[in-house]
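Data file: model-v2.tsv. Format and content: TSV, C-alpha atoms.
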```
chain	number	residue	atom	x	y	z
A	1	MET	CA	-14.26	-12.61	11.70
A	2	ILE	CA	-13.32	-9.01	12.44
A	3	HIS	CA	-11.81	-7.46	9.33
A	4	PHE	CA	-8.89	-5.06	9.49
A	5	ASN	CA	-10.75	-2.70	7.16
A	6	LYS	CA	-14.14	-2.25	5.57
A	7	PRO	CA	-14.58	0.47	2.91
A	8	PRO	CA	-16.90	3.22	4.16
A	9	LEU	CA	-20.46	2.97	2.85
A	10	THR	CA	-22.90	5.69	3.83
A	11	GLY	CA	-25.96	4.63	1.81
A	12	ASN	CA	-26.07	7.28	-0.90
A	13	GLU	CA	-23.22	5.91	-3.03
A	14	GLU	CA	-25.48	3.61	-5.05
A	15	ARG	CA	-27.90	6.42	-5.89
A	16	TYR	CA	-25.12	8.76	-6.99
A	17	VAL	CA	-23.35	6.09	-9.03
A	18	LEU	CA	-26.58	5.29	-10.87
A	19	GLU	CA	-27.18	8.99	-11.43
A	20	ALA	CA	-23.72	9.32	-12.94
A	21	MET	CA	-24.22	6.21	-15.10
A	22	LYS	CA	-27.45	7.62	-16.54
A	23	SER	CA	-25.93	11.01	-17.31
A	24	SER	CA	-24.56	12.00	-20.69
A	25	LYS	CA	-20.99	12.20	-19.33
A	26	ILE	CA	-19.30	9.48	-17.33
A	27	SER	CA	-15.71	10.22	-18.32
A	28	GLY	CA	-13.47	12.52	-16.29
A	29	ASP	CA	-14.44	15.94	-14.95
A	30	GLY	CA	-18.18	15.34	-15.01
A	31	ALA	CA	-20.76	16.78	-12.62
A	32	PHE	CA	-19.71	14.72	-9.58
A	33	THR	CA	-16.03	15.45	-10.11
A	34	LYS	CA	-16.85	19.16	-10.09
A	35	ARG	CA	-18.85	18.78	-6.87
A	36	CYS	CA	-15.91	17.04	-5.23
A	37	HIS	CA	-13.44	19.68	-6.43
A	38	LYS	CA	-15.61	22.44	-5.00
A	39	TRP	CA	-15.94	20.62	-1.68
A	40	PHE	CA	-12.19	20.18	-1.32
A	41	GLU	CA	-11.35	23.73	-2.33
A	42	GLU	CA	-13.87	25.17	0.14
A	43	ARG	CA	-13.27	22.71	2.97
A	44	LEU	CA	-9.48	22.60	2.76
A	45	GLY	CA	-8.92	26.17	1.60
A	46	CYS	CA	-6.56	25.41	-1.29
A	47	LYS	CA	-5.93	27.14	-4.61
A	48	LYS	CA	-6.92	24.12	-6.70
A	49	ALA	CA	-8.06	20.55	-6.11
A	50	LEU	CA	-7.85	17.93	-8.86
A	51	LEU	CA	-9.12	14.38	-8.49
A	52	THR	CA	-6.73	11.73	-9.78
A	53	THR	CA	-6.90	8.01	-10.35
A	54	SER	CA	-4.70	7.39	-7.28
A	55	CYS	CA	-2.50	9.10	-4.73
A	56	THR	CA	0.40	7.56	-6.66
A	57	HIS	CA	-0.64	9.55	-9.71
A	58	ALA	CA	-1.10	12.72	-7.66
A	59	LEU	CA	2.52	12.35	-6.51
A	60	GLU	CA	3.65	11.63	-10.07
A	61	MET	CA	1.91	14.82	-11.20
A	62	ALA	CA	3.75	16.79	-8.51
A	63	ALA	CA	7.06	15.36	-9.74
A	64	LEU	CA	6.22	16.39	-13.30
A	65	LEU	CA	5.14	19.87	-12.22
A	66	LEU	CA	8.46	20.34	-10.42
A	67	ASP	CA	10.40	19.13	-13.48
A	68	ILE	CA	12.22	16.48	-11.47
A	69	LYS	CA	15.01	15.00	-13.57
A	70	GLU	CA	18.00	12.69	-13.36
A	71	GLY	CA	20.50	13.93	-10.81
A	72	ASP	CA	17.93	15.62	-8.56
A	73	GLU	CA	17.63	14.46	-4.95
A	74	VAL	CA	14.39	14.15	-2.99
A	75	ILE	CA	14.31	13.86	0.82
A	76	MET	CA	11.68	11.70	2.52
A	77	PRO	CA	11.28	9.14	5.33
A	78	SER	CA	12.01	5.49	4.59
A	79	TYR	CA	8.95	4.50	6.65
A	80	THR	CA	6.35	5.11	3.94
A	81	PHE	CA	4.57	3.41	1.05
A	82	VAL	CA	6.57	2.73	-2.11
A	83	SER	CA	4.59	5.29	-4.16
A	84	THR	CA	6.13	8.15	-2.20
A	85	ALA	CA	9.52	7.24	-3.63
A	86	ASN	CA	8.46	5.77	-6.99
A	87	ALA	CA	6.84	9.01	-8.16
A	88	PHE	CA	10.22	10.73	-8.09
A	89	VAL	CA	12.36	7.74	-9.10
A	90	LEU	CA	10.32	7.55	-12.31
A	91	ARG	CA	11.65	11.03	-13.18
A	92	GLY	CA	15.24	9.96	-12.48
A	93	ALA	CA	15.67	11.33	-8.97
A	94	THR	CA	17.77	9.82	-6.19
A	95	ILE	CA	15.86	9.31	-2.94
A	96	VAL	CA	17.57	10.44	0.26
A	97	PHE	CA	15.97	8.73	3.24
A	98	VAL	CA	15.91	10.39	6.67
A	99	ASP	CA	15.22	8.77	10.03
A	100	ILE	CA	11.82	9.06	11.73
A	101	ARG	CA	10.74	10.34	15.12
A	102	PRO	CA	9.90	7.51	17.54
A	103	ASP	CA	6.83	9.32	18.89
A	104	THR	CA	4.84	9.95	15.68
A	105	LEU	CA	6.81	7.82	13.17
A	106	ASN	CA	6.97	10.93	10.97
A	107	ILE	CA	10.14	12.24	9.37
A	108	ASP	CA	12.51	13.69	11.97
A	109	GLU	CA	12.55	17.35	11.03
A	110	THR	CA	15.83	17.87	12.90
A	111	LYS	CA	17.61	15.46	10.53
A	112	ILE	CA	16.46	17.02	7.25
A	113	GLU	CA	18.97	19.84	6.99
A	114	ASN	CA	21.96	17.48	7.22
A	115	ALA	CA	20.55	15.53	4.27
A	116	ILE	CA	20.44	18.56	1.95
A	117	THR	CA	23.02	18.81	-0.84
A	118	ALA	CA	23.43	21.01	-3.89
A	119	LYS	CA	21.28	18.45	-5.76
A	120	THR	CA	18.32	18.51	-3.37
A	121	LYS	CA	15.12	19.81	-4.93
A	122	VAL	CA	12.18	18.53	-2.84
A	123	ILE	CA	11.25	17.52	0.71
A	124	VAL	CA	8.39	15.02	1.00
A	125	PRO	CA	6.97	14.84	4.53
A	126	VAL	CA	4.61	11.89	5.04
A	127	HIS	CA	1.83	12.45	7.59
A	128	TYR	CA	1.77	8.98	9.08
A	129	ALA	CA	-1.60	7.80	10.45
A	130	GLY	CA	-3.05	11.21	9.64
A	131	VAL	CA	-0.88	12.91	12.28
A	132	ALA	CA	0.96	15.96	11.02
A	133	CYS	CA	4.71	16.27	10.59
A	134	GLU	CA	6.36	19.33	12.16
A	135	MET	CA	5.47	21.50	9.18
A	136	ASP	CA	6.58	24.90	10.49
A	137	THR	CA	10.14	23.65	10.81
A	138	ILE	CA	10.02	21.84	7.47
A	139	MET	CA	8.65	24.88	5.61
A	140	ASP	CA	11.32	27.07	7.22
A	141	ILE	CA	14.07	24.69	6.05
A	142	ALA	CA	12.57	24.59	2.56
A	143	SER	CA	12.36	28.38	2.39
A	144	ARG	CA	15.96	28.90	3.52
A	145	HIS	CA	17.29	26.33	1.03
A	146	ASP	CA	14.94	27.24	-1.84
A	147	LEU	CA	13.32	23.80	-1.91
A	148	PHE	CA	9.81	22.60	-2.74
A	149	VAL	CA	7.60	20.68	-0.30
A	150	VAL	CA	5.20	17.96	-1.44
A	151	GLU	CA	3.03	16.69	1.42
A	152	ASP	CA	2.20	13.01	1.19
A	153	ALA	CA	-1.13	13.29	2.98
A	154	ALA	CA	-2.44	9.96	1.69
A	155	GLN	CA	-3.76	9.18	5.17
A	156	GLY	CA	-4.52	12.75	6.22
A	157	MET	CA	-7.94	13.87	4.97
A	158	MET	CA	-9.71	15.85	7.76
A	159	SER	CA	-6.48	16.20	9.79
A	160	SER	CA	-4.81	19.53	10.50
A	161	TYR	CA	-1.66	21.19	11.80
A	162	ASN	CA	-1.93	24.45	13.76
A	163	GLY	CA	-5.32	25.10	12.18
A	164	LYS	CA	-4.28	24.32	8.60
A	165	ALA	CA	-5.59	21.29	6.73
A	166	LEU	CA	-2.91	18.75	5.89
A	167	GLY	CA	-1.92	18.98	2.24
A	168	THR	CA	-2.41	22.75	2.14
A	169	ILE	CA	0.83	23.79	3.85
A	170	GLY	CA	3.45	22.73	1.30
A	171	HIS	CA	3.49	23.60	-2.40
A	172	PHE	CA	1.47	20.45	-3.15
A	173	GLY	CA	-0.51	17.87	-1.21
A	174	ALA	CA	-1.41	14.34	-2.31
A	175	PHE	CA	-4.28	12.30	-0.86
A	176	SER	CA	-5.50	8.73	-1.31
A	177	PHE	CA	-9.07	7.47	-1.71
A	178	HIS	CA	-8.08	3.81	-1.76
A	179	GLU	CA	-10.57	1.48	-0.09
A	180	THR	CA	-8.41	1.41	3.06
A	181	LYS	CA	-8.67	5.17	3.56
A	182	ASN	CA	-11.28	7.13	5.53
A	183	TYR	CA	-13.02	8.12	2.28
A	184	THR	CA	-12.94	6.16	-0.96
A	185	SER	CA	-13.81	6.68	-4.61
A	186	ALA	CA	-15.00	3.11	-5.17
A	187	GLY	CA	-11.77	1.46	-4.09
A	188	GLU	CA	-9.12	3.48	-5.91
A	189	GLY	CA	-8.53	7.19	-6.33
A	190	GLY	CA	-6.56	10.22	-5.26
A	191	LEU	CA	-6.35	13.98	-5.10
A	192	LEU	CA	-3.71	16.57	-5.88
A	193	ILE	CA	-3.88	19.81	-3.91
A	194	ILE	CA	-2.11	22.78	-5.51
A	195	ASN	CA	-1.27	25.62	-3.14
A	196	ASP	CA	0.87	27.78	-5.44
A	197	GLU	CA	-1.26	29.37	-8.15
A	198	LYS	CA	1.55	29.42	-10.70
A	199	PHE	CA	1.26	25.61	-11.03
A	200	VAL	CA	-2.52	25.43	-11.54
A	201	GLN	CA	-2.74	25.78	-15.33
A	202	ARG	CA	0.10	23.38	-16.02
A	203	ALA	CA	-1.40	20.88	-13.57
A	204	GLU	CA	-4.60	20.82	-15.59
A	205	ILE	CA	-2.57	20.28	-18.78
A	206	ILE	CA	-0.48	17.43	-17.35
A	207	ARG	CA	-3.61	15.77	-15.96
A	208	GLU	CA	-5.26	15.92	-19.41
A	209	LYS	CA	-2.54	14.02	-21.28
A	210	GLY	CA	-0.48	17.14	-21.91
A	211	THR	CA	-3.28	18.98	-23.72
A	212	ASN	CA	-4.94	22.31	-22.96
A	213	ARG	CA	-8.37	20.62	-23.12
A	214	SER	CA	-9.53	22.20	-19.84
A	215	LEU	CA	-8.87	25.68	-21.21
A	216	PHE	CA	-10.83	24.77	-24.36
A	217	PHE	CA	-13.89	23.67	-22.39
A	218	ARG	CA	-13.78	26.94	-20.43
A	219	GLY	CA	-13.70	28.88	-23.72
A	220	MET	CA	-10.21	30.25	-23.10
A	221	VAL	CA	-8.79	28.80	-26.35
A	222	ASP	CA	-10.60	28.08	-29.64
A	223	LYS	CA	-9.13	24.59	-30.00
A	224	TYR	CA	-7.05	22.31	-27.86
A	225	SER	CA	-3.80	20.59	-28.71
A	226	TRP	CA	-0.77	18.82	-27.26
A	227	VAL	CA	1.26	21.46	-25.42
A	228	ASP	CA	3.26	19.65	-22.70
A	229	VAL	CA	4.12	16.28	-21.23
A	230	GLY	CA	1.29	14.55	-19.41
A	231	SER	CA	-0.78	11.45	-18.94
A	232	SER	CA	-4.36	10.40	-18.23
A	233	TYR	CA	-4.61	11.15	-14.53
A	234	LEU	CA	-8.30	12.04	-14.23
A	235	PRO	CA	-10.78	9.46	-12.88
A	236	ASN	CA	-14.15	8.66	-14.40
A	237	ASP	CA	-17.18	10.43	-12.97
A	238	ILE	CA	-18.67	7.21	-11.59
A	239	SER	CA	-15.75	6.99	-9.16
A	240	ALA	CA	-16.30	10.62	-8.21
A	241	ALA	CA	-20.00	9.90	-7.62
A	242	TYR	CA	-19.08	7.16	-5.14
A	243	LEU	CA	-16.68	9.53	-3.39
A	244	TRP	CA	-19.34	12.23	-3.19
A	245	GLY	CA	-21.50	9.90	-1.10
A	246	GLY	CA	-18.71	9.78	1.47
A	247	LEU	CA	-17.89	13.48	1.38
A	248	GLU	CA	-21.51	14.36	2.14
A	249	MET	CA	-21.07	12.36	5.35
A	250	ALA	CA	-17.46	13.35	5.98
A	251	ASP	CA	-18.03	14.73	9.47
A	252	THR	CA	-20.14	11.74	10.51
A	253	ILE	CA	-17.48	9.30	9.29
A	254	ASN	CA	-14.76	11.31	11.00
A	255	GLU	CA	-16.61	11.43	14.32
A	256	ASN	CA	-17.36	7.71	14.22
A	257	ARG	CA	-13.73	6.81	13.60
A	258	LEU	CA	-12.50	9.18	16.31
A	259	ASN	CA	-14.89	7.54	18.77
A	260	SER	CA	-13.43	4.12	17.94
A	261	TRP	CA	-9.89	5.48	18.25
A	262	SER	CA	-10.63	7.02	21.65
A	263	SER	CA	-12.28	3.79	22.82
A	264	TYR	CA	-9.20	1.75	21.92
A	265	TYR	CA	-6.95	4.26	23.66
A	266	GLU	CA	-8.99	4.24	26.86
A	267	LYS	CA	-9.28	0.44	27.00
A	268	LEU	CA	-5.53	-0.09	26.45
A	269	SER	CA	-4.10	2.78	28.49
A	270	PHE	CA	-3.52	0.59	31.54
A	271	LEU	CA	-1.21	-1.65	29.49
A	272	GLN	CA	0.87	1.39	28.61
A	273	ASN	CA	0.90	2.49	32.25
A	274	GLU	CA	2.19	-0.95	33.22
A	275	GLY	CA	4.93	-0.81	30.56
A	276	PHE	CA	3.63	-3.52	28.22
A	277	ILE	CA	2.85	-1.38	25.15
A	278	GLU	CA	3.33	2.14	23.80
A	279	LEU	CA	0.25	3.99	22.53
A	280	PRO	CA	0.18	6.67	19.77
A	281	THR	CA	1.30	10.25	20.41
A	282	ILE	CA	-0.66	13.24	19.06
A	283	PRO	CA	1.51	16.38	19.38
A	284	ASP	CA	0.06	19.74	20.42
A	285	GLY	CA	-1.43	21.61	17.49
A	286	CYS	CA	-2.25	18.40	15.61
A	287	ILE	CA	-5.82	17.30	15.02
A	288	GLN	CA	-5.91	13.74	13.71
A	289	ASN	CA	-8.54	11.85	11.73
A	290	ALA	CA	-8.32	8.38	13.31
A	291	HIS	CA	-7.04	6.92	10.07
A	292	MET	CA	-5.51	4.08	12.04
A	293	PHE	CA	-5.03	2.88	15.58
A	294	TYR	CA	-1.63	1.40	16.21
A	295	PHE	CA	0.48	0.64	19.22
A	296	LYS	CA	4.04	-0.61	19.69
A	297	VAL	CA	5.20	-3.74	21.51
A	298	LYS	CA	8.63	-4.69	22.86
A	299	ASP	CA	10.19	-6.14	19.72
A	300	LEU	CA	9.66	-8.13	16.52
A	301	GLU	CA	9.44	-11.46	18.33
A	302	GLU	CA	6.67	-10.22	20.61
A	303	ARG	CA	4.80	-8.69	17.68
A	304	THR	CA	4.89	-11.96	15.75
A	305	ALA	CA	3.44	-13.81	18.72
A	306	LEU	CA	0.70	-11.21	19.23
A	307	LEU	CA	-0.30	-11.26	15.56
A	308	ASP	CA	-0.53	-15.06	15.77
A	309	ALA	CA	-2.91	-14.64	18.72
A	310	PHE	CA	-5.09	-12.32	16.65
A	311	LYS	CA	-5.06	-14.74	13.74
A	312	LYS	CA	-6.33	-17.56	15.96
A	313	GLU	CA	-9.34	-15.39	16.85
A	314	ASP	CA	-10.00	-14.40	13.20
A	315	ILE	CA	-9.14	-10.76	13.88
A	316	GLY	CA	-7.44	-8.76	11.15
A	317	ALA	CA	-4.63	-7.06	13.03
A	318	VAL	CA	-1.53	-6.35	10.91
A	319	PHE	CA	1.87	-4.66	10.86
A	320	HIS	CA	2.79	-1.99	8.31
A	321	TYR	CA	5.65	-0.83	6.08
A	322	VAL	CA	8.98	-2.54	5.67
A	323	PRO	CA	11.36	0.47	5.48
A	324	LEU	CA	12.09	1.38	1.88
A	325	HIS	CA	15.82	1.86	2.34
A	326	SER	CA	16.18	-1.84	3.15
A	327	ALA	CA	14.25	-2.96	0.04
A	328	PRO	CA	16.14	-3.91	-3.16
A	329	ALA	CA	14.81	-0.92	-5.08
A	330	GLY	CA	15.51	1.36	-2.13
A	331	VAL	CA	19.16	0.32	-2.20
A	332	LYS	CA	19.27	0.83	-5.97
A	333	TYR	CA	17.53	4.21	-6.17
A	334	GLY	CA	18.30	5.82	-2.84
A	335	ARG	CA	20.52	6.16	0.19
A	336	PHE	CA	20.01	6.71	3.90
A	337	SER	CA	21.26	9.98	5.35
A	338	GLY	CA	22.72	9.64	8.82
A	339	VAL	CA	21.95	6.76	11.17
A	340	ASP	CA	18.89	4.51	11.10
A	341	GLU	CA	18.24	4.87	14.82
A	342	PHE	CA	14.48	4.46	14.83
A	343	THR	CA	13.12	3.61	11.36
A	344	THR	CA	13.77	-0.13	11.38
A	345	LYS	CA	13.43	-0.62	15.13
A	346	GLU	CA	10.07	1.14	15.40
A	347	SER	CA	8.69	-0.48	12.25
A	348	GLU	CA	9.30	-3.93	13.78
A	349	ARG	CA	7.35	-3.06	16.94
A	350	LEU	CA	4.16	-1.71	15.36
A	351	VAL	CA	0.74	-3.40	15.38
A	352	ARG	CA	-2.33	-1.96	13.65
A	353	LEU	CA	-5.82	-2.78	14.92
A	354	PRO	CA	-9.09	-3.01	12.96
A	355	MET	CA	-10.36	0.49	12.20
A	356	TYR	CA	-13.23	1.46	9.93
A	357	PHE	CA	-16.48	3.42	9.79
A	358	GLY	CA	-19.09	1.43	11.69
A	359	LEU	CA	-16.70	-0.61	13.86
A	360	SER	CA	-18.90	-1.72	16.76
A	361	SER	CA	-18.16	-1.55	20.49
A	362	ASP	CA	-18.45	-5.34	20.67
A	363	GLU	CA	-15.82	-5.69	17.96
A	364	ARG	CA	-13.50	-3.27	19.74
A	365	ASP	CA	-13.98	-5.18	22.98
A	366	ALA	CA	-13.12	-8.46	21.25
A	367	VAL	CA	-9.94	-6.93	19.81
A	368	CYS	CA	-8.88	-5.54	23.19
A	369	ASP	CA	-9.64	-8.83	24.93
A	370	VAL	CA	-7.05	-10.58	22.76
A	371	ILE	CA	-4.43	-8.00	23.75
A	372	LYS	CA	-5.30	-8.21	27.43
A	373	SER	CA	-5.21	-11.99	27.38
A	374	PHE	CA	-1.86	-11.96	25.58
A	375	TYR	CA	-0.36	-9.92	28.41
A	376	GLY	CA	-2.10	-11.98	31.08
A	377	LYS	CA	-4.58	-9.28	32.07
```
Once you've parsed the file, please lay out its structure as structure tokens.
Amino acid sequence: MIHFNKPPLTGNEERYVLEAMKSSKISGDGAFTKRCHKWFEERLGCKKALLTTSCTHALEMAALLLDIKEGDEVIMPSYTFVSTANAFVLRGATIVFVDIRPDTLNIDETKIENAITAKTKVIVPVHYAGVACEMDTIMDIASRHDLFVVEDAAQGMMSSYNGKALGTIGHFGAFSFHETKNYTSAGEGGLLIINDEKFVQRAEIIREKGTNRSLFFRGMVDKYSWVDVGSSYLPNDISAAYLWGGLEMADTINENRLNSWSSYYEKLSFLQNEGFIELPTIPDGCIQNAHMFYFKVKDLEERTALLDAFKKEDIGAVFHYVPLHSAPAGVKYGRFSGVDEFTTKESERLVRLPMYFGLSSDERDAVCDVIKSFYGK
């Protein structure tokens, strides 16, 4: 059996988790959380980094910080995970879906401006597969229309756009440390990146159940109390300890995944040259993190047959999102702007291959052999 994913395990996680367990503080914002925050702020170059219990919660915090309310509109691609939309729907917003680019499967930046109305408040670009959206264009549109940008960088840790880390270009960035991501905080977890300093203090308050507890612990107030809306968005320090084991080896993990990605690309390039499949595109200026390796086949029927071939060999190859605008809740809480030229069509062609830290060359060969055999090669 070749699994689609295996959570990264570097070897130090157990030691750090035990260290956290034996400390006097295992609740949120303990010693390991602080180490992680410092690493992100230095490595990514952001104003503030705050660990959260999930990327979903990081996005929900962004929606709260931007005071999203009923009647507001939020622009995003339909080809994304449900959390991207839910975070804003929970505040009463209407989601306006925009078509994707067929090359990167990211939001088509040329379609955003036509989706803007007097009610638009936020643009949410989703960096699919850790490959950057066209952020210069998106930030220019946001600036001209006085809109906020929340980067859904759930898949984008260690990726960059024109030299800037993903998540640090918009007003906020949200990352995931779910077990399927390149780095994990024991299976679940997330991160909110704050790039505009005026939001930092309120972010800490919202994250701490609407209290100014963080200011109290820094000695900036003599007692803490309920001062704003909020929830319990901070993870326990044991989860942060697990994550720290991965962050210490971040470059090693990144290099290993990139090697696997490059190996897949090289082994399958001839099938693209012969017109059987379409391999991923990495635009100039984008450095990716090998979060996933996908390719596209002719159509849904061919994909179904190929996935059946993988299943027979006990190989965990899968497809991905069903576009949100076609889901019942998507119809209820949103609308599609313009024409769905690529979102549905491209989503039905996509196949994702096993990708994880430690994927062996023999495993990659076995995966590629199934594809070659399927196409009679």
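Across A:Glu197, A:Leu234, A:Ile68, A:Val131, the tightest approach to Arg91 (chain A) is made by A:Ile68 when counting only C-alpha atoms.
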List the neighbours of region 364-371 of chain A out to 12 Å using all atoms listed in the file; skip same-chain residues closer than 6 positions along the sequence, and give me the result as a PDB file with C-alpha atoms, in the frame of the given file.
```pdb
ATOM      1  CA  MET A   1     -14.260 -12.610  11.700  1.00  0.00           C
ATOM      2  CA  ILE A   2     -13.320  -9.010  12.440  1.00  0.00           C
ATOM      3  CA  HIS A   3     -11.810  -7.460   9.330  1.00  0.00           C
ATOM      4  CA  PHE A   4      -8.890  -5.060   9.490  1.00  0.00           C
ATOM      5  CA  ARG A 257     -13.730   6.810  13.600  1.00  0.00           C
ATOM      6  CA  ASN A 259     -14.890   7.540  18.770  1.00  0.00           C
ATOM      7  CA  SER A 260     -13.430   4.120  17.940  1.00  0.00           C
ATOM      8  CA  TRP A 261      -9.890   5.480  18.250  1.00  0.00           C
ATOM      9  CA  SER A 262     -10.630   7.020  21.650  1.00  0.00           C
ATOM     10  CA  SER A 263     -12.280   3.790  22.820  1.00  0.00           C
ATOM     11  CA  TYR A 264      -9.200   1.750  21.920  1.00  0.00           C
ATOM     12  CA  TYR A 265      -6.950   4.260  23.660  1.00  0.00           C
ATOM     13  CA  GLU A 266      -8.990   4.240  26.860  1.00  0.00           C
ATOM     14  CA  LYS A 267      -9.280   0.440  27.000  1.00  0.00           C
ATOM     15  CA  LEU A 268      -5.530  -0.090  26.450  1.00  0.00           C
ATOM     16  CA  SER A 269      -4.100   2.780  28.490  1.00  0.00           C
ATOM     17  CA  PHE A 270      -3.520   0.590  31.540  1.00  0.00           C
ATOM     18  CA  LEU A 271      -1.210  -1.650  29.490  1.00  0.00           C
ATOM     19  CA  GLN A 272       0.870   1.390  28.610  1.00  0.00           C
ATOM     20  CA  PHE A 276       3.630  -3.520  28.220  1.00  0.00           C
ATOM     21  CA  ILE A 277       2.850  -1.380  25.150  1.00  0.00           C
ATOM     22  CA  PHE A 293      -5.030   2.880  15.580  1.00  0.00           C
ATOM     23  CA  PHE A 295       0.480   0.640  19.220  1.00  0.00           C
ATOM     24  CA  LYS A 296       4.040  -0.610  19.690  1.00  0.00           C
ATOM     25  CA  VAL A 297       5.200  -3.740  21.510  1.00  0.00           C
ATOM     26  CA  GLU A 302       6.670 -10.220  20.610  1.00  0.00           C
ATOM     27  CA  ARG A 303       4.800  -8.690  17.680  1.00  0.00           C
ATOM     28  CA  ALA A 305       3.440 -13.810  18.720  1.00  0.00           C
ATOM     29  CA  LEU A 306       0.700 -11.210  19.230  1.00  0.00           C
ATOM     30  CA  LEU A 307      -0.300 -11.260  15.560  1.00  0.00           C
ATOM     31  CA  ASP A 308      -0.530 -15.060  15.770  1.00  0.00           C
ATOM     32  CA  ALA A 309      -2.910 -14.640  18.720  1.00  0.00           C
ATOM     33  CA  PHE A 310      -5.090 -12.320  16.650  1.00  0.00           C
ATOM     34  CA  LYS A 311      -5.060 -14.740  13.740  1.00  0.00           C
ATOM     35  CA  LYS A 312      -6.330 -17.560  15.960  1.00  0.00           C
ATOM     36  CA  GLU A 313      -9.340 -15.390  16.850  1.00  0.00           C
ATOM     37  CA  ASP A 314     -10.000 -14.400  13.200  1.00  0.00           C
ATOM     38  CA  ILE A 315      -9.140 -10.760  13.880  1.00  0.00           C
ATOM     39  CA  GLY A 316      -7.440  -8.760  11.150  1.00  0.00           C
ATOM     40  CA  ALA A 317      -4.630  -7.060  13.030  1.00  0.00           C
ATOM     41  CA  VAL A 351       0.740  -3.400  15.380  1.00  0.00           C
ATOM     42  CA  ARG A 352      -2.330  -1.960  13.650  1.00  0.00           C
ATOM     43  CA  LEU A 353      -5.820  -2.780  14.920  1.00  0.00           C
ATOM     44  CA  PRO A 354      -9.090  -3.010  12.960  1.00  0.00           C
ATOM     45  CA  MET A 355     -10.360   0.490  12.200  1.00  0.00           C
ATOM     46  CA  TYR A 356     -13.230   1.460   9.930  1.00  0.00           C
ATOM     47  CA  GLY A 358     -19.090   1.430  11.690  1.00  0.00           C
ATOM     48  CA  LYS A 377      -4.580  -9.280  32.070  1.00  0.00           C
TER      49      LYS A 377
END
```
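Between Ala58 (chain A) and the candidates A:Ile238, A:Ala129, A:Ala87, A:Met249, the tightest atom-to-atom separation, counting only C-alpha atoms, involves A:Ala87.
Across A:Ser337, A:Phe148, A:Leu51, A:Phe81, the tightest approach to Gly30 (chain A) is made by A:Leu51 when counting all atoms listed in the file.
Among the candidates A:Glu278, A:Asp152, A:Asp140, A:Glu109, the residue lying nearest to His127 (chain A) is A:Asp152 (atoms considered: all atoms listed in the file).
Taking CA of Ile75 (chain A) as the reference point, CA of Thr110 (chain A) is found at 12.8 Å.
CA of Val339 (chain A) sits 17.7 Å away from CA of Val74 (chain A).
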Residues within 10 Å of Leu64 (chain A), only C-alpha atoms, excluding chain neighbours under 3 positions, as a ChimeraX atom specification: /A:58-61,67-69,87-88,90-91,202-203,206,229-230
Have a look at CA of Ala186 (chain A) and CA of Ser239 (chain A) and let me know their distance in Å, one decimal. 5.6 Å
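Closest approach to Asn236 (chain A) from the set A:Gly334, A:Pro125, A:Gly190, A:Pro283 is made by A:Gly190, with distances taken over only C-alpha atoms.
With all atoms listed in the file as the atoms that count, the residue of A:Glu208, A:Asp251, A:Glu179, A:Glu348 with the shortest distance to Pro8 (chain A) is A:Glu179.
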Which neighbours of Asn182 (chain A) fall inside 9 Å, counting only C-alpha atoms, when residues of the same chain fewer than 3 positions from it are skipped, and could you give them as a PDB file with C-alpha atoms, in the coordinates of the input?
```
ATOM      1  CA  PRO A   7     -14.580   0.470   2.910  1.00  0.00           C
ATOM      2  CA  PRO A   8     -16.900   3.220   4.160  1.00  0.00           C
ATOM      3  CA  GLN A 155      -3.760   9.180   5.170  1.00  0.00           C
ATOM      4  CA  GLY A 156      -4.520  12.750   6.220  1.00  0.00           C
ATOM      5  CA  MET A 157      -7.940  13.870   4.970  1.00  0.00           C
ATOM      6  CA  PHE A 177      -9.070   7.470  -1.710  1.00  0.00           C
ATOM      7  CA  HIS A 178      -8.080   3.810  -1.760  1.00  0.00           C
ATOM      8  CA  GLU A 179     -10.570   1.480  -0.090  1.00  0.00           C
ATOM      9  CA  GLY A 246     -18.710   9.780   1.470  1.00  0.00           C
ATOM     10  CA  ALA A 250     -17.460  13.350   5.980  1.00  0.00           C
ATOM     11  CA  ILE A 253     -17.480   9.300   9.290  1.00  0.00           C
ATOM     12  CA  ASN A 254     -14.760  11.310  11.000  1.00  0.00           C
ATOM     13  CA  ARG A 257     -13.730   6.810  13.600  1.00  0.00           C
ATOM     14  CA  ASN A 289      -8.540  11.850  11.730  1.00  0.00           C
ATOM     15  CA  ALA A 290      -8.320   8.380  13.310  1.00  0.00           C
ATOM     16  CA  HIS A 291      -7.040   6.920  10.070  1.00  0.00           C
ATOM     17  CA  TYR A 356     -13.230   1.460   9.930  1.00  0.00           C
ATOM     18  CA  PHE A 357     -16.480   3.420   9.790  1.00  0.00           C
TER      19      PHE A 357
END
```
Can you tell me, as a PyMOL selection string, what residues are no more than 12 Å from Ile107 (chain A) when counting all atoms listed in the file, ignoring any on the same chain fewer than 2 positions away? chain A and resi 75-80+96-105+109-113+123-128+131-135+137-138+151-152+340+342-343
Counting all atoms listed in the file, what is within 8 Å of Gly71 (chain A), bar same-chain residues fewer than 2 positions away, as a PDB file with C-alpha atoms, in the coordinates of the input?
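Done, and the output landed in part_14.pdb:
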```pdb
ATOM      1  CA  LYS A  69      15.010  15.000 -13.570  1.00  0.00           C
ATOM      2  CA  GLU A  73      17.630  14.460  -4.950  1.00  0.00           C
ATOM      3  CA  GLY A  92      15.240   9.960 -12.480  1.00  0.00           C
ATOM      4  CA  ALA A  93      15.670  11.330  -8.970  1.00  0.00           C
ATOM      5  CA  THR A  94      17.770   9.820  -6.190  1.00  0.00           C
ATOM      6  CA  LYS A 119      21.280  18.450  -5.760  1.00  0.00           C
TER       7      LYS A 119
END
```
